[in-house]
$ cat upload.tsv   # TSV, C-alpha atoms
chain	number	residue	atom	x	y	z
D	26	MET	CA	-38.34	32.45	13.14
D	27	THR	CA	-38.81	29.85	10.44
D	28	VAL	CA	-41.14	29.35	7.54
D	29	SER	CA	-43.38	27.23	9.77
D	30	ARG	CA	-42.51	28.87	13.07
D	31	ARG	CA	-46.06	29.17	14.36
D	32	THR	CA	-46.71	25.51	13.68
D	33	VAL	CA	-43.55	24.56	15.52
D	34	LEU	CA	-44.34	26.77	18.49
D	35	ALA	CA	-47.89	25.48	18.76
D	36	ALA	CA	-46.56	21.99	18.92
D	37	GLY	CA	-44.19	22.12	21.62
D	38	ALA	CA	-39.53	54.01	22.38
D	39	VAL	CA	-42.00	55.29	24.41
D	40	ALA	CA	-43.80	56.91	21.49
D	41	PRO	CA	-43.04	54.32	18.85
D	42	LEU	CA	-44.01	51.43	21.08
D	43	ALA	CA	-47.03	53.13	22.55
D	44	ALA	CA	-48.17	53.99	19.05
D	45	SER	CA	-48.02	50.35	18.01
D	46	ALA	CA	-51.70	50.27	18.87
D	47	GLY	CA	-53.19	51.69	22.02
D	48	LEU	CA	-54.87	48.79	23.76
D	49	ALA	CA	-58.59	48.83	23.22
D	50	GLN	CA	-60.65	49.41	26.31
D	51	GLY	CA	-63.97	48.37	24.83
D	52	GLY	CA	-65.38	44.95	24.14
D	53	GLY	CA	-67.13	42.62	26.48
D	54	GLY	CA	-67.54	39.04	27.44
D	55	SER	CA	-64.38	38.69	29.51
D	56	ASN	CA	-64.77	36.61	32.65
D	57	ALA	CA	-61.33	37.42	34.02
D	58	ALA	CA	-59.47	40.57	34.94
D	59	ARG	CA	-57.68	42.10	31.99
D	60	PHE	CA	-53.91	41.93	31.97
D	61	SER	CA	-52.21	45.26	32.59
D	62	LEU	CA	-49.96	44.91	29.54
D	63	GLY	CA	-50.87	43.91	26.00
D	64	TYR	CA	-49.72	40.30	25.93
D	65	ALA	CA	-50.74	38.73	22.63
D	66	PRO	CA	-51.30	34.98	22.25
D	67	HIS	CA	-51.41	33.37	18.81
D	68	GLU	CA	-53.16	30.47	17.15
D	69	GLY	CA	-51.93	27.38	18.98
D	70	SER	CA	-51.63	29.03	22.39
D	71	PHE	CA	-55.06	27.63	23.25
D	72	ALA	CA	-55.35	24.87	20.67
D	73	SER	CA	-57.64	22.70	22.79
D	74	ARG	CA	-60.33	25.36	22.65
D	75	GLY	CA	-61.06	24.99	18.94
D	76	GLY	CA	-60.15	26.88	15.79
D	77	LEU	CA	-58.77	30.37	15.32
D	78	LEU	CA	-61.92	32.30	16.27
D	79	GLU	CA	-62.62	30.08	19.26
D	80	GLN	CA	-59.07	30.62	20.50
D	81	ILE	CA	-59.45	34.38	20.15
D	82	ALA	CA	-62.67	34.27	22.16
D	83	TYR	CA	-61.07	32.12	24.84
D	84	ALA	CA	-58.03	34.41	25.09
D	85	ALA	CA	-60.32	37.41	25.52
D	86	ASP	CA	-62.23	35.60	28.25
D	87	GLN	CA	-58.95	35.07	30.10
D	88	GLY	CA	-58.18	38.79	30.05
D	89	PHE	CA	-55.82	39.03	27.09
D	90	THR	CA	-56.23	42.26	25.15
D	91	ALA	CA	-54.19	41.58	22.01
D	92	TRP	CA	-53.44	38.92	19.42
D	93	GLU	CA	-50.68	38.26	16.90
D	94	ASP	CA	-50.53	36.07	13.83
D	95	ASN	CA	-47.32	35.60	11.84
D	96	GLU	CA	-49.19	33.69	9.15
D	97	ALA	CA	-52.07	36.16	8.73
D	98	ARG	CA	-50.85	37.30	5.33
D	99	SER	CA	-51.17	33.79	3.90
D	100	ARG	CA	-54.74	33.34	5.14
D	101	PRO	CA	-57.63	33.78	2.70
D	102	ILE	CA	-59.03	37.31	2.68
D	103	ALA	CA	-62.33	36.13	4.13
D	104	GLU	CA	-60.50	34.56	7.07
D	105	GLN	CA	-58.49	37.74	7.65
D	106	GLN	CA	-61.75	39.65	7.75
D	107	ARG	CA	-63.34	37.22	10.20
D	108	MET	CA	-60.31	37.47	12.45
D	109	ALA	CA	-60.36	41.26	12.37
D	110	LYS	CA	-64.07	41.27	13.20
D	111	ALA	CA	-63.58	38.86	16.11
D	112	LEU	CA	-60.80	41.01	17.55
D	113	GLN	CA	-62.84	44.18	17.17
D	114	GLN	CA	-65.86	42.63	18.86
D	115	ARG	CA	-63.71	41.55	21.79
D	116	GLY	CA	-61.88	44.87	22.10
D	117	MET	CA	-58.56	43.25	21.22
D	118	THR	CA	-55.65	44.84	19.37
D	119	MET	CA	-53.99	43.15	16.41
D	120	GLY	CA	-50.24	42.73	16.75
D	121	VAL	CA	-47.77	41.79	14.04
D	122	PHE	CA	-47.97	39.59	11.00
D	123	VAL	CA	-45.05	38.76	8.71
D	124	ALA	CA	-45.01	41.10	5.71
D	125	SER	CA	-42.09	39.53	3.82
D	126	MET	CA	-41.17	35.94	4.57
D	127	PRO	CA	-37.57	34.91	3.91
D	128	LYS	CA	-36.73	31.73	2.02
D	129	TRP	CA	-35.15	30.04	5.00
D	130	SER	CA	-33.88	26.90	3.27
D	131	GLN	CA	-32.18	29.01	0.60
D	132	SER	CA	-30.75	31.66	3.00
D	133	ARG	CA	-32.40	34.40	0.97
D	134	PRO	CA	-32.88	37.28	0.44
D	135	LEU	CA	-29.53	39.01	0.38
D	136	LEU	CA	-30.62	42.61	0.84
D	137	GLY	CA	-27.02	43.80	0.89
D	138	ALA	CA	-25.98	42.04	-2.33
D	139	ASN	CA	-24.59	43.76	-5.40
D	140	ASP	CA	-27.64	42.70	-7.38
D	141	GLY	CA	-30.62	44.83	-6.38
D	142	ALA	CA	-33.31	42.40	-7.60
D	143	GLU	CA	-34.02	40.99	-4.16
D	144	ARG	CA	-34.30	44.47	-2.69
D	145	GLU	CA	-36.95	45.30	-5.28
D	146	ALA	CA	-38.79	42.06	-4.51
D	147	PHE	CA	-38.71	42.94	-0.82
D	148	LEU	CA	-40.23	46.35	-1.55
D	149	ALA	CA	-42.95	44.68	-3.62
D	150	ASP	CA	-43.79	42.47	-0.63
D	151	VAL	CA	-44.02	45.53	1.59
D	152	ARG	CA	-46.35	47.32	-0.84
D	153	SER	CA	-48.69	44.36	-1.08
D	154	ALA	CA	-48.73	43.88	2.70
D	155	ILE	CA	-50.39	47.26	3.24
D	156	ASP	CA	-53.80	45.90	2.22
D	157	VAL	CA	-53.36	43.02	4.66
D	158	ALA	CA	-52.50	45.43	7.48
D	159	LYS	CA	-55.54	47.56	6.76
D	160	ARG	CA	-57.79	44.52	6.61
D	161	LEU	CA	-56.51	43.40	10.02
D	162	ASN	CA	-56.39	46.88	11.59
D	163	ALA	CA	-52.69	46.25	12.20
D	164	THR	CA	-50.16	49.04	12.60
D	165	ARG	CA	-47.08	46.82	12.85
D	166	MET	CA	-45.75	44.19	10.46
D	167	THR	CA	-42.63	42.08	10.81
D	168	VAL	CA	-39.80	42.09	8.31
D	169	VAL	CA	-36.52	40.18	8.34
D	170	THR	CA	-33.53	41.92	6.82
D	171	GLY	CA	-32.31	38.77	5.11
D	172	PHE	CA	-28.98	36.98	5.19
D	173	MET	CA	-25.33	37.93	5.04
D	174	ASP	CA	-23.65	37.96	1.64
D	175	PRO	CA	-20.11	36.61	2.13
D	176	LYS	CA	-18.99	38.31	-1.08
D	177	VAL	CA	-19.80	41.85	0.06
D	178	PRO	CA	-18.16	43.81	2.91
D	179	VAL	CA	-20.44	44.14	5.93
D	180	GLU	CA	-20.28	47.94	5.78
D	181	ILE	CA	-21.58	47.99	2.22
D	182	GLN	CA	-24.33	45.54	3.10
D	183	THR	CA	-25.34	47.75	6.01
D	184	ALA	CA	-25.57	50.81	3.78
D	185	ARG	CA	-27.75	48.92	1.32
D	186	VAL	CA	-30.01	47.55	4.05
D	187	ILE	CA	-30.45	51.05	5.45
D	188	ASP	CA	-31.27	52.35	2.00
D	189	VAL	CA	-33.89	49.71	1.24
D	190	MET	CA	-35.46	50.08	4.67
D	191	ARG	CA	-35.70	53.84	4.19
D	192	ARG	CA	-37.46	53.25	0.87
D	193	ALA	CA	-39.79	50.73	2.52
D	194	GLY	CA	-40.49	53.20	5.32
D	195	ASP	CA	-41.55	55.76	2.75
D	196	ILE	CA	-44.07	53.20	1.47
D	197	VAL	CA	-45.72	52.30	4.79
D	198	ALA	CA	-45.44	55.45	6.90
D	199	PRO	CA	-48.17	57.41	5.05
D	200	HIS	CA	-50.57	54.62	6.01
D	201	GLY	CA	-49.78	54.85	9.72
D	202	ILE	CA	-47.91	51.55	9.59
D	203	ALA	CA	-44.41	50.69	10.74
D	204	MET	CA	-42.31	47.71	9.77
D	205	VAL	CA	-40.54	46.15	12.73
D	206	MET	CA	-37.21	44.55	11.82
D	207	GLU	CA	-36.58	41.37	13.75
D	208	PRO	CA	-33.02	40.60	14.89
D	209	LEU	CA	-32.53	36.83	15.10
D	210	ASN	CA	-30.01	34.75	16.98
D	211	THR	CA	-27.36	32.84	15.06
D	212	ARG	CA	-26.24	30.59	17.94
D	213	THR	CA	-29.32	28.37	18.12
D	214	ASN	CA	-31.79	29.06	15.34
D	215	HIS	CA	-30.71	31.19	12.38
D	216	PRO	CA	-27.03	31.07	11.38
D	217	GLY	CA	-26.17	33.48	8.62
D	218	VAL	CA	-28.83	36.13	9.11
D	219	TYR	CA	-27.84	39.74	8.64
D	220	MET	CA	-29.47	41.36	11.68
D	221	GLN	CA	-28.42	39.65	14.90
D	222	SER	CA	-29.08	42.05	17.76
D	223	ILE	CA	-31.33	44.88	18.91
D	224	ALA	CA	-28.29	47.18	18.86
D	225	GLN	CA	-27.71	46.41	15.19
D	226	GLY	CA	-31.38	47.06	14.53
D	227	TYR	CA	-31.03	50.39	16.29
D	228	ALA	CA	-28.21	51.41	13.94
D	229	VAL	CA	-30.27	50.51	10.87
D	230	ALA	CA	-33.40	52.22	12.20
D	231	ARG	CA	-31.49	55.40	13.03
D	232	GLY	CA	-29.91	55.32	9.59
D	233	ALA	CA	-33.27	54.86	7.88
D	234	ASN	CA	-34.66	57.70	10.03
D	235	SER	CA	-38.28	56.87	9.26
D	236	PRO	CA	-41.37	56.49	11.45
D	237	GLY	CA	-42.10	53.47	9.27
D	238	VAL	CA	-38.93	51.60	10.33
D	239	LYS	CA	-38.58	50.28	13.87
D	240	ILE	CA	-37.19	47.25	15.72
D	241	LEU	CA	-38.95	44.11	16.88
D	242	ALA	CA	-37.28	43.28	20.19
D	243	ASP	CA	-37.71	39.51	20.51
D	244	LEU	CA	-36.22	38.86	23.92
D	245	TYR	CA	-35.71	35.15	23.32
D	246	HIS	CA	-33.38	35.90	20.41
D	247	GLU	CA	-31.67	38.77	22.21
D	248	GLN	CA	-31.00	36.72	25.33
D	249	ILE	CA	-29.25	34.04	23.28
D	250	GLN	CA	-27.25	36.43	21.13
D	251	SER	CA	-26.37	39.28	23.46
D	252	GLY	CA	-28.16	39.25	26.83
D	253	ASN	CA	-28.13	42.44	28.92
D	254	LEU	CA	-31.82	42.85	28.03
D	255	ILE	CA	-32.98	45.85	30.06
D	256	PRO	CA	-29.92	48.07	29.41
D	257	VAL	CA	-30.09	47.27	25.68
D	258	MET	CA	-33.80	48.06	25.48
D	259	ASP	CA	-33.26	51.22	27.46
D	260	ALA	CA	-30.56	52.43	25.08
D	261	CYS	CA	-32.58	51.54	21.98
D	262	TRP	CA	-36.08	52.38	23.25
D	263	SER	CA	-36.77	55.20	20.81
D	264	GLU	CA	-36.52	52.74	17.91
D	265	ILE	CA	-38.30	49.74	19.45
D	266	GLY	CA	-41.73	49.37	17.89
D	267	TYR	CA	-42.75	45.96	19.18
D	268	ILE	CA	-41.69	43.41	21.80
D	269	GLN	CA	-41.97	39.63	21.93
D	270	PHE	CA	-41.51	37.33	24.92
D	271	GLY	CA	-40.18	33.77	25.01
D	272	ASP	CA	-37.95	32.15	27.62
D	273	ASN	CA	-34.57	30.55	27.01
D	274	PRO	CA	-33.74	27.71	26.69
D	275	GLY	CA	-36.79	26.07	25.15
D	276	ARG	CA	-38.67	29.10	23.85
D	277	ASN	CA	-41.68	28.54	26.08
D	278	GLU	CA	-43.68	30.64	28.51
D	279	PRO	CA	-42.04	32.89	31.12
D	280	GLY	CA	-40.74	30.97	34.12
D	281	THR	CA	-39.46	28.00	32.13
D	282	GLY	CA	-35.99	29.41	31.47
D	283	GLU	CA	-33.38	31.90	32.58
D	284	ILE	CA	-35.01	35.24	31.73
D	285	HIS	CA	-36.40	37.14	34.72
D	286	TYR	CA	-39.60	38.27	33.02
D	287	ALA	CA	-41.07	39.75	36.20
D	288	ASN	CA	-38.27	42.32	36.13
D	289	ILE	CA	-38.84	42.91	32.41
D	290	VAL	CA	-42.54	43.56	33.05
D	291	ARG	CA	-41.75	45.88	35.93
D	292	TRP	CA	-39.38	47.86	33.71
D	293	LEU	CA	-41.89	48.02	30.84
D	294	ARG	CA	-44.53	49.32	33.21
D	295	GLN	CA	-42.13	52.02	34.36
D	296	ARG	CA	-41.66	52.87	30.70
D	297	ARG	CA	-45.45	53.15	30.37
D	298	CYS	CA	-45.41	50.57	27.65
D	299	ALA	CA	-48.79	50.59	25.91
D	300	GLY	CA	-47.94	48.43	22.90
D	301	VAL	CA	-48.61	44.84	22.03
D	302	ILE	CA	-46.24	42.24	23.50
D	303	GLY	CA	-46.24	39.10	21.38
D	304	MET	CA	-46.20	35.74	23.15
D	305	GLU	CA	-43.76	34.36	20.58
D	306	HIS	CA	-43.27	30.97	22.16
D	307	GLY	CA	-44.79	27.56	22.71
D	308	ASN	CA	-46.33	25.94	25.77
D	309	SER	CA	-44.00	23.83	27.90
D	310	VAL	CA	-46.79	21.38	28.71
D	311	LYS	CA	-49.16	19.94	26.13
D	312	GLY	CA	-52.94	20.17	26.22
D	313	ARG	CA	-55.19	22.10	28.56
D	314	ALA	CA	-52.82	21.71	31.47
D	315	GLY	CA	-50.23	23.58	29.43
D	316	GLU	CA	-52.74	26.28	28.51
D	317	ASP	CA	-53.61	26.75	32.17
D	318	ARG	CA	-49.92	26.94	32.99
D	319	LEU	CA	-49.43	29.55	30.25
D	320	ILE	CA	-52.14	31.79	31.70
D	321	ALA	CA	-50.77	31.34	35.23
D	322	ALA	CA	-47.28	32.28	34.06
D	323	TYR	CA	-48.54	35.57	32.63
D	324	ARG	CA	-50.65	36.27	35.71
D	325	GLU	CA	-47.55	35.84	37.83
D	326	ILE	CA	-45.32	38.22	35.89
D	327	ASP	CA	-48.15	40.71	35.34
D	328	ALA	CA	-48.64	41.00	39.11
D	329	GLN	CA	-45.16	42.49	39.56
$ encode --input "upload.tsv" --output "structure tokens"
Amino acid sequence: MTVSRRTVLAAGAVAPLAASAGLAQGGGGSNAARFSLGYAPHEGSFASRGGLLEQIAYAADQGFTAWEDNEARSRPIAEQQRMAKALQQRGMTMGVFVASMPKWSQSRPLLGANDGAEREAFLADVRSAIDVAKRLNATRMTVVTGFMDPKVPVEIQTARVIDVMRRAGDIVAPHGIAMVMEPLNTRTNHPGVYMQSIAQGYAVARGANSPGVKILADLYHEQIQSGNLIPVMDACWSEIGYIQFGDNPGRNEPGTGEIHYANIVRWLRQRRCAGVIGMEHGNSVKGRAGEDRLIAAYREIDAQ
């Protein structure tokens, strides 16, 4: 995850997850069988098909039932409304958007620091994101728990992160929204971040003990940092509120790397996963050939 992650990508439990938004069964216009799980493309997945609304329409026609948009918060209100309307008309569920974007180049915020100013700024971001979520009909929004503060013991930072996440959960939960904390890998993409694994996210979520605080299980990041994907998800399932796919290495569609996504899909189906699964990756091949390959990759794993 970076400040321009979607641009870069385009170029190249049971209850919590099920509640992330039951996949809509209505909507028409699809000319292909609907996928059995809620895979969610994003702007750039089908760039050759036109702008944002055209890409949504094309995704729906291919059988996709969900959509995600990290940058939705930064879009003009009128564009957010048009996107929400397009998704509703196509019977598609809105996935995550980023509620509080870190300052990547500055390695901020430090949510575990002695100074509480950045924690208060984080809470302000969360409050203001509620209107965006409602406008988009979104029940999940991504948050990053910031960076490590080398001056403060890890245990103290953890306590402070738990505290601020509990406070943030109190803000969003009454609105039927949950923040999903995204663990990020430090080996390839994000050195210095505080939350580095699903297991660490589980500890924070259990400490916060709020229906408004869950984990975003990005399997690309987890594979790099820890591996052991299915056992980790199984152990942490009660606190997983959202899942994202992306193969490693390369962060492209399933089948381009080492992750056995067919087994992941089979396990999720056994878990009766009804939530949105973000396609948080690029296309390995440019242009329409790459878009066709993307669809074929998801057809293949969805058939398992």
$ atom_distance --input "upload.tsv" --atom1 "CA of Ser235 (chain D)" --atom2 "CA of Glu264 (chain D)"
9.7 Å
$ closest_residue --input "upload.tsv" --among "D:Tyr286, D:Gly280, D:Gly266, D:Gly312" --to "Leu244 (chain D)" --atoms "only C-alpha atoms"
D:Tyr286
$ closest_residue --input "upload.tsv" --among "D:Arg115, D:Arg185, D:Arg191, D:Arg212" --to "Lys239 (chain D)" --atoms "all atoms listed in the file"
D:Arg191
$ closest_residue --input "upload.tsv" --among "D:Phe147, D:Tyr267, D:Trp92, D:Tyr323" --to "Val290 (chain D)" --atoms "all atoms listed in the file"
D:Tyr323
$ closest_residue --input "upload.tsv" --among "D:Met220, D:Ala158, D:Met108, D:Leu62" --to "Gly76 (chain D)" --atoms "all atoms listed in the file"
D:Met108
$ closest_residue --input "upload.tsv" --among "D:Asp156, D:Asp188, D:Glu316, D:Asp150" --to "Gln105 (chain D)" --atoms "all atoms listed in the file"
D:Asp156
$ residues_near_point --input "upload.tsv" --point "(-32.4, 55.2, 15.2)" --cutoff "12 Å" --atoms "all atoms listed in the file" --output "PDB file with C-alpha atoms, in the frame of the given file"
ATOM      1  CA  ALA D  38     -39.530  54.010  22.380  1.00  0.00           C
ATOM      2  CA  PRO D  41     -43.040  54.320  18.850  1.00  0.00           C
ATOM      3  CA  ILE D 187     -30.450  51.050   5.450  1.00  0.00           C
ATOM      4  CA  ARG D 191     -35.700  53.840   4.190  1.00  0.00           C
ATOM      5  CA  ILE D 223     -31.330  44.880  18.910  1.00  0.00           C
ATOM      6  CA  ALA D 224     -28.290  47.180  18.860  1.00  0.00           C
ATOM      7  CA  GLN D 225     -27.710  46.410  15.190  1.00  0.00           C
ATOM      8  CA  GLY D 226     -31.380  47.060  14.530  1.00  0.00           C
ATOM      9  CA  TYR D 227     -31.030  50.390  16.290  1.00  0.00           C
ATOM     10  CA  ALA D 228     -28.210  51.410  13.940  1.00  0.00           C
ATOM     11  CA  VAL D 229     -30.270  50.510  10.870  1.00  0.00           C
ATOM     12  CA  ALA D 230     -33.400  52.220  12.200  1.00  0.00           C
ATOM     13  CA  ARG D 231     -31.490  55.400  13.030  1.00  0.00           C
ATOM     14  CA  GLY D 232     -29.910  55.320   9.590  1.00  0.00           C
ATOM     15  CA  ALA D 233     -33.270  54.860   7.880  1.00  0.00           C
ATOM     16  CA  ASN D 234     -34.660  57.700  10.030  1.00  0.00           C
ATOM     17  CA  SER D 235     -38.280  56.870   9.260  1.00  0.00           C
ATOM     18  CA  PRO D 236     -41.370  56.490  11.450  1.00  0.00           C
ATOM     19  CA  GLY D 237     -42.100  53.470   9.270  1.00  0.00           C
ATOM     20  CA  VAL D 238     -38.930  51.600  10.330  1.00  0.00           C
ATOM     21  CA  LYS D 239     -38.580  50.280  13.870  1.00  0.00           C
ATOM     22  CA  ILE D 240     -37.190  47.250  15.720  1.00  0.00           C
ATOM     23  CA  ALA D 260     -30.560  52.430  25.080  1.00  0.00           C
ATOM     24  CA  CYS D 261     -32.580  51.540  21.980  1.00  0.00           C
ATOM     25  CA  TRP D 262     -36.080  52.380  23.250  1.00  0.00           C
ATOM     26  CA  SER D 263     -36.770  55.200  20.810  1.00  0.00           C
ATOM     27  CA  GLU D 264     -36.520  52.740  17.910  1.00  0.00           C
ATOM     28  CA  ILE D 265     -38.300  49.740  19.450  1.00  0.00           C
ATOM     29  CA  GLY D 266     -41.730  49.370  17.890  1.00  0.00           C
TER      30      GLY D 266
END
$ residues_around --input "upload.tsv" --residues "Ala65 (chain D)" --least-positions-apart "2" --cutoff "10 Å" --atoms "only C-alpha atoms" --output "ChimeraX atom specification"
/D:62-63,67,70,84,89-94,117-121,269-270,301-305
$ closest_residue --input "upload.tsv" --among "D:Ser309, D:Ala97, D:Ala314, D:Val157" --to "Ile202 (chain D)" --atoms "all atoms listed in the file"
D:Val157
$ atom_distance --input "upload.tsv" --atom1 "CA of Ala103 (chain D)" --atom2 "CA of Leu78 (chain D)"
12.7 Å
$ atom_distance --input "upload.tsv" --atom1 "CA of Pro256 (chain D)" --atom2 "CA of Asp243 (chain D)"
14.6 Å
$ residues_around --input "upload.tsv" --residues "Leu136 (chain D)" --least-positions-apart "2" --cutoff "7 Å" --atoms "only C-alpha atoms" --output "PyMOL selection string"
chain D and resi 134+138+143-144+170-171+185-186
$ residues_around --input "upload.tsv" --residues "Ala124 (chain D)" --least-positions-apart "6" --cutoff "10 Å" --atoms "all atoms listed in the file" --output "list in words"
Asn95, Glu96, Ala97, Arg98, Ser99, Phe147, Asp150, Val151, Arg152, Ser153, Ala154, Ile155, Val157, Ala158, Arg165, Met166, Thr167, Val168, Val169, Met204 and Val205 of chain D
$ residues_around --input "upload.tsv" --residues "Asp174 (chain D)" --least-positions-apart "6" --cutoff "12 Å" --atoms "only C-alpha atoms" --output "ChimeraX atom specification"
/D:132-140,180-183,185-186,217-219
